[in-house]
file target.pdb (PDB, C-alpha atoms and all ligand atoms)
MODEL        1
ATOM      1  CA  MET A   1     -78.658 -81.457  67.305
ATOM      2  CA  GLU A   2     -78.117 -77.887  68.010
ATOM      3  CA  GLU A   3     -74.680 -78.689  69.237
ATOM      4  CA  ASN A   4     -73.891 -80.482  66.019
ATOM      5  CA  ASN A   5     -75.256 -77.610  64.081
ATOM      6  CA  ASP A   6     -73.083 -75.241  65.977
ATOM      7  CA  LYS A   7     -70.171 -77.515  65.475
ATOM      8  CA  LEU A   8     -71.001 -77.693  61.846
ATOM      9  CA  ASN A   9     -71.341 -73.989  61.646
ATOM     10  CA  LYS A  10     -68.123 -73.491  63.465
ATOM     11  CA  SER A  11     -66.319 -75.934  61.255
ATOM     12  CA  GLU A  12     -67.850 -74.222  58.256
ATOM     13  CA  ILE A  13     -66.710 -70.905  59.534
ATOM     14  CA  MET A  14     -63.286 -72.303  60.255
ATOM     15  CA  THR A  15     -63.191 -73.822  56.831
ATOM     16  CA  GLN A  16     -64.218 -70.535  55.343
ATOM     17  CA  GLU A  17     -61.672 -68.761  57.514
ATOM     18  CA  SER A  18     -58.983 -71.181  56.527
ATOM     19  CA  GLU A  19     -59.976 -70.702  52.922
ATOM     20  CA  ILE A  20     -59.804 -66.993  53.382
ATOM     21  CA  MET A  21     -56.444 -67.372  55.035
ATOM     22  CA  ALA A  22     -55.315 -69.591  52.238
ATOM     23  CA  GLN A  23     -56.452 -67.009  49.743
ATOM     24  CA  GLU A  24     -54.818 -64.302  51.798
ATOM     25  CA  SER A  25     -51.608 -66.231  51.966
ATOM     26  CA  LYS A  26     -51.893 -66.742  48.211
ATOM     27  CA  ILE A  27     -52.353 -63.027  47.772
ATOM     28  CA  MET A  28     -49.472 -62.369  50.079
ATOM     29  CA  ALA A  29     -47.385 -64.805  48.122
ATOM     30  CA  GLN A  30     -48.353 -62.995  44.954
ATOM     31  CA  GLU A  31     -47.633 -59.670  46.560
ATOM     32  CA  SER A  32     -44.314 -60.873  47.793
ATOM     33  CA  GLU A  33     -43.585 -62.099  44.306
ATOM     34  CA  ILE A  34     -44.588 -58.724  42.947
ATOM     35  CA  MET A  35     -42.398 -57.089  45.523
ATOM     36  CA  THR A  36     -39.556 -59.367  44.568
ATOM     37  CA  GLN A  37     -40.009 -58.445  40.957
ATOM     38  CA  GLU A  38     -40.279 -54.772  41.893
ATOM     39  CA  SER A  39     -37.133 -55.006  43.946
ATOM     40  CA  LYS A  40     -35.536 -56.772  41.010
ATOM     41  CA  ILE A  41     -36.642 -53.888  38.746
ATOM     42  CA  MET A  42     -35.430 -51.393  41.281
ATOM     43  CA  ALA A  43     -32.121 -53.198  41.437
ATOM     44  CA  GLN A  44     -31.889 -53.021  37.640
ATOM     45  CA  GLU A  45     -32.899 -49.374  37.711
ATOM     46  CA  SER A  46     -30.322 -48.609  40.355
ATOM     47  CA  GLU A  47     -27.757 -50.441  38.241
ATOM     48  CA  ILE A  48     -28.763 -48.324  35.245
ATOM     49  CA  MET A  49     -28.553 -45.238  37.410
ATOM     50  CA  ALA A  50     -25.135 -46.335  38.619
ATOM     51  CA  GLN A  51     -24.007 -46.775  35.008
ATOM     52  CA  GLU A  52     -25.540 -43.418  34.095
ATOM     53  CA  SER A  53     -23.787 -41.751  36.973
ATOM     54  CA  LYS A  54     -20.577 -43.464  35.862
ATOM     55  CA  ILE A  55     -21.097 -42.072  32.369
ATOM     56  CA  MET A  56     -21.887 -38.692  33.836
ATOM     57  CA  ALA A  57     -18.745 -38.903  35.925
ATOM     58  CA  GLN A  58     -16.731 -39.718  32.797
ATOM     59  CA  GLU A  59     -18.447 -36.925  30.902
ATOM     60  CA  SER A  60     -17.754 -34.501  33.711
ATOM     61  CA  GLU A  61     -14.132 -35.665  33.705
ATOM     62  CA  ILE A  62     -13.950 -35.072  29.949
ATOM     63  CA  MET A  63     -15.524 -31.670  30.478
ATOM     64  CA  ALA A  64     -13.013 -30.951  33.219
ATOM     65  CA  GLN A  65     -10.154 -31.898  30.846
ATOM     66  CA  GLU A  66     -11.720 -29.818  28.082
ATOM     67  CA  SER A  67     -12.043 -26.849  30.383
ATOM     68  CA  LYS A  68      -8.437 -27.418  31.425
ATOM     69  CA  ILE A  69      -7.401 -27.357  27.753
ATOM     70  CA  MET A  70      -9.541 -24.283  27.176
ATOM     71  CA  LEU A  71      -7.941 -22.642  30.170
ATOM     72  CA  GLN A  72      -4.479 -23.424  28.807
ATOM     73  CA  GLU A  73      -5.503 -22.066  25.410
ATOM     74  CA  SER A  74      -6.893 -18.994  27.104
ATOM     75  CA  GLU A  75      -3.566 -18.583  28.896
ATOM     76  CA  ARG A  76      -1.669 -18.967  25.606
ATOM     77  CA  ILE A  77      -3.991 -16.440  23.957
ATOM     78  CA  LEU A  78      -3.470 -14.123  26.905
ATOM     79  CA  GLN A  79       0.322 -14.474  26.583
ATOM     80  CA  LYS A  80       0.087 -13.869  22.848
ATOM     81  CA  SER A  81      -2.067 -10.843  23.520
ATOM     82  CA  GLU A  82       0.526  -9.577  25.973
ATOM     83  CA  ARG A  83       3.322 -10.108  23.437
ATOM     84  CA  ILE A  84       1.279  -8.335  20.774
ATOM     85  CA  LEU A  85       0.622  -5.525  23.215
ATOM     86  CA  GLN A  86       4.355  -5.224  23.954
ATOM     87  CA  LYS A  87       5.112  -5.253  20.230
ATOM     88  CA  SER A  88       2.469  -2.622  19.696
ATOM     89  CA  GLU A  89       4.051  -0.515  22.406
ATOM     90  CA  ARG A  90       7.499  -0.913  20.839
ATOM     91  CA  ILE A  91       6.072   0.008  17.424
ATOM     92  CA  LEU A  92       4.348   2.977  19.001
ATOM     93  CA  GLN A  93       7.645   4.088  20.582
ATOM     94  CA  LYS A  94       9.424   3.616  17.254
ATOM     95  CA  SER A  95       6.697   5.603  15.540
ATOM     96  CA  ASP A  96       7.172   8.322  18.125
ATOM     97  CA  ILE A  97      10.913   8.370  17.490
ATOM     98  CA  MET A  98      10.385   8.435  13.731
ATOM     99  CA  LEU A  99       7.881  11.228  14.142
ATOM    100  CA  GLN A 100      10.405  13.221  16.168
ATOM    101  CA  LYS A 101      13.072  12.505  13.529
ATOM    102  CA  SER A 102      10.677  13.626  10.829
ATOM    103  CA  ASP A 103      10.049  16.797  12.787
ATOM    104  CA  ILE A 104      13.787  17.422  13.046
ATOM    105  CA  MET A 105      14.257  16.752   9.336
ATOM    106  CA  LEU A 106      11.376  19.053   8.561
ATOM    107  CA  GLN A 107      12.974  21.790  10.647
ATOM    108  CA  LYS A 108      16.307  21.162   8.894
ATOM    109  CA  SER A 109      14.572  21.319   5.538
ATOM    110  CA  ASP A 110      13.029  24.603   6.587
ATOM    111  CA  ILE A 111      16.434  25.957   7.551
ATOM    112  CA  ILE A 112      17.924  24.749   4.245
ATOM    113  CA  LEU A 113      15.011  26.296   2.387
ATOM    114  CA  GLN A 114      15.527  29.621   4.160
ATOM    115  CA  LYS A 115      19.263  29.425   3.412
ATOM    116  CA  SER A 116      18.500  28.648  -0.214
ATOM    117  CA  GLU A 117      16.173  31.624  -0.380
ATOM    118  CA  ARG A 118      18.831  33.850   1.145
ATOM    119  CA  MET A 119      21.382  32.473  -1.334
ATOM    120  CA  ILE A 120      18.989  33.065  -4.220
ATOM    121  CA  GLN A 121      18.436  36.637  -3.038
ATOM    122  CA  GLU A 122      22.190  37.058  -2.633
ATOM    123  CA  SER A 123      22.715  35.604  -6.118
ATOM    124  CA  GLU A 124      20.142  38.003  -7.523
ATOM    125  CA  ARG A 125      21.897  40.899  -5.794
ATOM    126  CA  ILE A 126      25.239  39.668  -7.214
ATOM    127  CA  ILE A 127      23.706  39.342 -10.689
ATOM    128  CA  GLN A 128      22.273  42.865 -10.455
ATOM    129  CA  GLU A 129      25.615  44.110  -9.197
ATOM    130  CA  SER A 130      27.347  42.246 -12.054
ATOM    131  CA  VAL A 131      24.970  43.787 -14.570
ATOM    132  CA  ARG A 132      25.681  47.224 -13.092
ATOM    133  CA  MET A 133      29.439  46.495 -13.231
ATOM    134  CA  ILE A 134      29.142  45.299 -16.844
ATOM    135  CA  GLN A 135      27.235  48.473 -17.739
ATOM    136  CA  GLU A 136      29.870  50.496 -15.910
ATOM    137  CA  ASN A 137      32.616  48.571 -17.750
ATOM    138  CA  ASN A 138      30.855  49.178 -21.041
ATOM    139  CA  ARG A 139      30.694  52.892 -20.237
ATOM    140  CA  ILE A 140      34.405  52.810 -19.343
ATOM    141  CA  ILE A 141      35.192  50.910 -22.562
ATOM    142  CA  GLU A 142      33.177  53.413 -24.593
ATOM    143  CA  GLU A 143      34.973  56.231 -22.780
ATOM    144  CA  ASN A 144      38.315  54.508 -23.478
ATOM    145  CA  ASP A 145      37.323  54.082 -27.110
ATOM    146  CA  ARG A 146      36.498  57.748 -27.294
ATOM    147  CA  ILE A 147      39.841  58.579 -25.663
ATOM    148  CA  ILE A 148      41.694  56.206 -28.019
ATOM    149  CA  ASN A 149      39.926  57.665 -31.049
ATOM    150  CA  ASN A 150      40.730  61.099 -29.809
ATOM    151  CA  ASN A 151      44.361  60.070 -29.271
ATOM    152  CA  GLU A 152      44.473  58.562 -32.746
ATOM    153  CA  ARG A 153      43.079  61.747 -34.203
ATOM    154  CA  LEU A 154      45.619  63.708 -32.201
ATOM    155  CA  PHE A 155      48.342  61.316 -33.350
ATOM    156  CA  ASP A 156      47.179  61.550 -36.955
ATOM    157  CA  SER A 157      47.097  65.319 -36.857
ATOM    158  CA  PHE A 158      50.461  65.198 -35.136
ATOM    159  CA  GLN A 159      51.758  62.961 -37.920
ATOM    160  CA  ASP A 160      50.128  65.163 -40.492
ATOM    161  CA  ASN A 161      51.603  68.225 -38.942
ATOM    162  CA  LEU A 162      55.072  66.702 -38.928
ATOM    163  CA  ASN A 163      57.490  68.625 -40.989
ATOM    164  CA  ASN A 164      57.248  66.401 -44.030
ATOM    165  CA  ASP A 165      60.403  67.757 -45.511
ATOM    166  CA  GLU A 166      62.319  64.669 -44.402
ATOM    167  CA  ILE A 167      59.848  62.405 -46.145
ATOM    168  CA  LEU A 168      59.989  64.541 -49.176
ATOM    169  CA  LYS A 169      63.816  64.455 -49.089
ATOM    170  CA  LYS A 170      63.813  60.677 -48.908
ATOM    171  CA  LEU A 171      61.383  60.357 -51.774
ATOM    172  CA  GLU A 172      63.254  59.343 -54.943
ATOM    173  CA  GLU A 173      62.137  60.243 -58.367
ATOM    174  CA  ILE A 174      62.218  57.768 -61.231
ATOM    175  CA  GLU A 175      61.630  58.714 -64.827
ATOM    176  CA  LEU A 176      59.456  56.255 -66.669
ATOM    177  CA  ASN A 177      61.142  54.904 -69.791
ATOM    178  CA  GLU A 178      60.133  52.506 -72.524
ATOM    179  CA  HIS A 179      60.962  49.516 -70.332
ATOM    180  CA  PHE A 180      58.338  50.487 -67.813
ATOM    181  CA  LYS A 181      55.451  48.108 -67.965
ATOM    182  CA  ASN A 182      52.812  47.734 -65.302
ATOM    183  CA  LYS A 183      49.632  45.870 -65.793
ATOM    184  CA  GLU A 184      48.152  46.527 -62.361
ATOM    185  CA  GLU A 185      48.727  50.239 -61.937
ATOM    186  CA  ASN A 186      48.718  52.063 -65.184
ATOM    187  CA  LYS A 187      47.315  55.300 -63.782
ATOM    188  CA  CYS A 188      48.106  57.579 -60.865
ATOM    189  CA  ALA A 189      45.556  57.000 -58.046
ATOM    190  CA  ILE A 190      45.754  60.674 -57.041
ATOM    191  CA  CYS A 191      45.224  62.507 -60.352
ATOM    192  CA  LEU A 192      43.763  59.474 -62.164
ATOM    193  CA  GLU A 193      45.884  60.192 -65.273
ATOM    194  CA  ILE A 194      47.478  57.312 -67.148
ATOM    195  CA  PHE A 195      51.219  57.131 -66.720
ATOM    196  CA  SER A 196      53.229  57.873 -69.834
ATOM    197  CA  PHE A 197      56.900  57.883 -70.797
ATOM    198  CA  GLY A 198      58.930  60.661 -69.292
ATOM    199  CA  ASN A 199      56.610  60.956 -66.231
ATOM    200  CA  LYS A 200      58.494  61.210 -62.942
ATOM    201  CA  VAL A 201      57.107  58.802 -60.309
ATOM    202  CA  SER A 202      57.962  58.046 -56.686
ATOM    203  CA  TYR A 203      57.619  54.721 -54.790
ATOM    204  CA  LEU A 204      56.316  54.568 -51.267
ATOM    205  CA  PRO A 205      57.660  51.921 -48.790
ATOM    206  CA  CYS A 206      54.431  49.974 -49.404
ATOM    207  CA  THR A 207      55.590  49.699 -53.103
ATOM    208  CA  HIS A 208      52.675  51.782 -54.372
ATOM    209  CA  TYR A 209      53.793  54.575 -56.680
ATOM    210  CA  PHE A 210      52.320  57.829 -57.943
ATOM    211  CA  HIS A 211      53.369  60.943 -59.890
ATOM    212  CA  SER A 212      56.136  62.515 -57.834
ATOM    213  CA  SER A 213      54.388  65.866 -57.820
ATOM    214  CA  CYS A 214      51.051  64.251 -56.912
ATOM    215  CA  ILE A 215      52.437  62.247 -53.966
ATOM    216  CA  ARG A 216      54.500  65.239 -52.740
ATOM    217  CA  ASN A 217      51.385  67.366 -52.584
ATOM    218  CA  TRP A 218      49.588  64.444 -50.903
ATOM    219  CA  ILE A 219      52.265  63.969 -48.264
ATOM    220  CA  ARG A 220      52.028  67.615 -47.300
ATOM    221  CA  ILE A 221      48.422  66.889 -46.284
ATOM    222  CA  LYS A 222      48.497  63.215 -45.167
ATOM    223  CA  ASN A 223      51.116  60.700 -44.020
ATOM    224  CA  LYS A 224      49.219  57.700 -45.419
ATOM    225  CA  CYS A 225      49.311  55.889 -48.747
ATOM    226  CA  PRO A 226      46.210  56.895 -50.793
ATOM    227  CA  LEU A 227      45.737  53.265 -51.869
ATOM    228  CA  CYS A 228      46.513  50.991 -48.883
ATOM    229  CA  LYS A 229      46.320  53.641 -46.077
ATOM    230  CA  ASN A 230      49.634  52.485 -44.590
ATOM    231  CA  ILE A 231      51.600  55.167 -42.792
ATOM    232  CA  ILE A 232      54.296  56.293 -45.162
ATOM    233  CA  ILE A 233      56.987  57.222 -42.598
ATOM    234  CA  SER A 234      56.527  56.443 -38.937
TER     235      SER A 234
HETATM  236 ZN    ZN B 301      49.352  62.006 -60.523
HETATM  237 ZN    ZN B 302      50.420  51.926 -50.556
ENDMDL
END
call {"tool": "encode", "arguments": {"input": "target.pdb", "output": "structure tokens"}}
result
Amino acid sequence: MEENNDKLNKSEIMTQESEIMAQESKIMAQESEIMTQESKIMAQESEIMAQESKIMAQESEIMAQESKIMLQESERILQKSERILQKSERILQKSDIMLQKSDIMLQKSDIILQKSERMIQESERIIQESVRMIQENNRIIEENDRIINNNERLFDSFQDNLNNDEILKKLEEIELNEHFKNKEENKCAICLEIFSFGNKVSYLPCTHYFHSSCIRNWIRIKNKCPLCKNIIIS
């Protein structure tokens, strides 16, 4: 009996053990399934990661191209900057040259200005000298006038002091008769008496006429016609 019991027990235990093993194998199967699924998920994840890294690689390539373009642009900007710098230098040199030219022109202007000032001063001196010469000329003219007047007076007195006998000899006497008519001169300009018949008159070369005695007395004093002041005999 005991042996059977033991056998029973053993078989029970074995059954239990086999059950446990079955359960364990079930669990293991489940676990392996889980693992399979996990590995599946991991495979998917790694695929996603591969795609992501592909995208990243593309992005980094794009970035590399962009940085290449930026580098080229930077180079172009640098070249432009260099050209601008060279232009600036040329402009600066030109400015320098123009500044020097301006300086030279300024100096020339100064020289011209000084010359102009000297010329103005010279002109003023010439004007003053001219004024002095004009005054001197005026004095000389006045002196000449005085000399001429003096000479005329001397000449007049000389004429007056001429022996007037010759004039008197040349003087003809005319006796006024009834035919004598004169509307302009009806009186002697020396004695202011009206001419009348029988008066003796004398003509001067200027065609003025007077009483013969009046003009004879006149000629002894002056050699000029009492009316028109012409010299009677020159
Ligand atoms: Zn008279
Ligand atoms: Zn006269």
call {"tool": "resolve_selection", "arguments": {"input": "target.pdb", "expression": "the PyMOL selection byres (((chain A and resi 169) around 12) and not hetatm)", "output": "ChimeraX atom specification"}}
result
/A:163-168,170-173,202,212,216,219,233
call {"tool": "atom_distance", "arguments": {"input": "target.pdb", "atom1": "CA of Ile141 in chain A", "atom2": "CA of Lys222 in chain A"}}
result
29.0 Å
call {"tool": "residues_near_ligand", "arguments": {"input": "target.pdb", "ligand": "ligand ZN 302 (chain B)", "cutoff": "6 Å", "atoms": "all atoms listed in the file", "output": "PyMOL selection string"}}
result
chain A and resi 206+208+225+227-228
call {"tool": "residues_near_ligand", "arguments": {"input": "target.pdb", "ligand": "ligand ZN 301 (chain B)", "cutoff": "10 Å", "atoms": "only C-alpha atoms and all ligand atoms", "output": "PyMOL selection string"}}
result
chain A and resi 187-195+199-201+209-218
call {"tool": "atom_distance", "arguments": {"input": "target.pdb", "atom1": "CA of Glu124 in chain A", "atom2": "CA of Asn138 in chain A"}}
result
20.6 Å
